[in-house]
file entry.txt (compact mmCIF, C-alpha atoms)
# COMPACT_ATOMS: atom_id res chain seq x y z
CA MET A 1 80.85 169.40 -100.17
CA LEU A 2 78.76 167.34 -102.59
CA PRO A 3 80.09 169.02 -105.76
CA GLY A 4 83.65 168.29 -104.61
CA LEU A 5 82.78 164.66 -103.93
CA GLY A 6 81.12 164.42 -107.33
CA LEU A 7 84.19 165.84 -109.05
CA ALA A 8 86.45 163.43 -107.17
CA LEU A 9 84.28 160.47 -108.20
CA LEU A 10 84.20 161.72 -111.78
CA GLY A 11 88.00 161.94 -111.74
CA LEU A 12 88.25 158.36 -110.46
CA ALA A 13 85.83 157.21 -113.16
CA VAL A 14 87.94 158.85 -115.87
CA MET A 15 91.08 157.24 -114.40
CA ASP A 16 89.29 153.87 -114.44
CA GLY A 17 88.44 154.33 -118.10
CA VAL A 18 92.00 155.29 -119.03
CA ALA A 19 93.39 152.32 -117.09
CA ALA A 20 90.90 149.97 -118.75
CA TYR A 21 91.93 151.23 -122.19
CA GLY A 22 95.61 150.84 -121.30
CA LEU A 23 95.09 147.25 -120.17
CA TRP A 24 92.89 146.38 -123.15
CA ALA A 25 95.39 147.81 -125.63
CA VAL A 26 98.31 146.20 -123.72
CA ARG A 27 100.11 149.51 -123.29
CA HIS A 28 103.02 149.64 -120.87
CA TRP A 29 101.44 152.57 -119.01
CA GLY A 30 98.17 150.61 -118.62
CA TRP A 31 99.63 148.40 -115.90
CA THR A 32 100.91 151.40 -113.92
CA MET A 33 97.60 153.23 -114.25
CA ALA A 34 95.62 150.14 -113.20
CA VAL A 35 97.76 149.63 -110.09
CA THR A 36 97.34 153.31 -109.20
CA VAL A 37 93.56 153.13 -109.60
CA LEU A 38 93.37 149.93 -107.53
CA ALA A 39 95.42 151.52 -104.73
CA ALA A 40 93.12 154.54 -104.80
CA GLY A 41 90.14 152.17 -104.63
CA ILE A 42 91.54 150.48 -101.54
CA ILE A 43 92.11 153.84 -99.88
CA THR A 44 88.62 155.10 -100.71
CA ASN A 45 86.97 151.87 -99.50
CA ILE A 46 88.64 151.92 -96.07
CA PRO A 47 86.28 154.56 -94.57
CA MET A 48 83.29 152.71 -96.03
CA SER A 49 84.27 149.50 -94.23
CA VAL A 50 83.27 151.02 -90.87
CA SER A 51 79.90 152.37 -92.03
CA PRO A 52 76.54 150.59 -92.28
CA LEU A 53 77.58 149.63 -95.81
CA ALA A 54 80.52 147.68 -94.40
CA LEU A 55 79.93 144.67 -96.64
CA VAL A 56 80.28 146.82 -99.75
CA GLY A 57 83.51 148.40 -98.48
CA VAL A 58 85.05 145.09 -97.47
CA ALA A 59 84.02 143.46 -100.75
CA GLY A 60 85.60 146.35 -102.66
CA ILE A 61 88.84 146.02 -100.72
CA ILE A 62 88.97 142.26 -101.30
CA LEU A 63 88.30 142.70 -105.02
CA ASP A 64 90.98 145.39 -105.32
CA PHE A 65 93.54 143.18 -103.54
CA ALA A 66 92.64 140.24 -105.81
CA CYS A 67 93.17 142.39 -108.92
CA LEU A 68 96.47 143.68 -107.53
CA ALA A 69 97.60 140.11 -106.87
CA TYR A 70 96.79 139.17 -110.48
CA LEU A 71 98.55 142.22 -111.91
CA SER A 72 101.61 141.44 -109.76
CA LYS A 73 102.13 138.00 -111.30
CA SER A 74 105.38 137.85 -113.24
CA GLU A 75 103.69 136.69 -116.46
CA VAL A 76 101.32 139.65 -116.42
CA ARG A 77 104.05 142.16 -115.56
CA LYS A 78 106.20 140.78 -118.40
CA LEU A 79 103.31 141.30 -120.82
CA PHE A 80 103.19 145.01 -119.98
CA GLN A 81 106.94 145.69 -120.13
CA PRO A 82 107.82 148.37 -122.68
CA THR A 83 109.38 147.08 -125.87
CA LYS A 84 112.94 148.10 -126.60

call {"tool": "encode", "arguments": {"input": "entry.txt", "output": "structure tokens"}}
result
Amino acid sequence: MLPGLGLALLGLAVMDGVAAYGLWAVRHWGWTMAVTVLAAGIITNIPMSVSPLALVGVAGIILDFACLAYLSKSEVRKLFQPTK
């Protein structure tokens, strides 16, 4: 079970890195990748919010929602629109 969990976390870390590069380089796919990673972060933090580490899970969910709210602003979405 632990190797599978480690591989899943490694995959999420790689996705985080790709999303960060896409946002930094202002690529049109960076916004989509970042939203996908944030949604995955919310989903993975939900089970943690009922464990003894509840504060960490809830803080992660709040941070992910705050980042999603920022990325959903029209000015930010316009920045990441593909050029024609």

call {"tool": "residues_around", "arguments": {"input": "entry.txt", "residues": "A:Lys78", "least_positions_apart": "6", "cutoff": "12 Å", "atoms": "all atoms listed in the file", "output": "VMD selection string"}}
result
chain A and resid 26 to 28 31 71 to 72

call {"tool": "atom_distance", "arguments": {"input": "entry.txt", "atom1": "atom CA of A:Met33", "atom2": "atom CA of A:Gln81"}}
result
13.4 Å

call {"tool": "atom_distance", "arguments": {"input": "entry.txt", "atom1": "atom CA of A:Leu53", "atom2": "atom CA of A:Ala40"}}
result
18.6 Å

call {"tool": "axis_aligned_box", "arguments": {"input": "entry.txt", "around": "stretch 20-37 of chain A", "padding_each_side": "6 Å", "output": "AutoDock Vina command-line options"}}
result
--center_x 97.0 --center_y 149.8 --center_z -117.4 --size_x 24.1 --size_y 19.1 --size_z 28.4

call {"tool": "residues_near_point", "arguments": {"input": "entry.txt", "point": "(93.0, 148.3, -106.6)", "cutoff": "8 Å", "atoms": "all atoms listed in the file", "output": "count of residues only"}}
result
15

call {"tool": "atom_distance", "arguments": {"input": "entry.txt", "atom1": "atom CA of A:Ala19", "atom2": "atom CA of A:Ala54"}}
result
26.5 Å

call {"tool": "closest_residue", "arguments": {"input": "entry.txt", "among": "A:Gly57, A:Thr32, A:Asp16, A:Leu7", "to": "A:Thr44", "atoms": "all atoms listed in the file"}}
result
A:Gly57
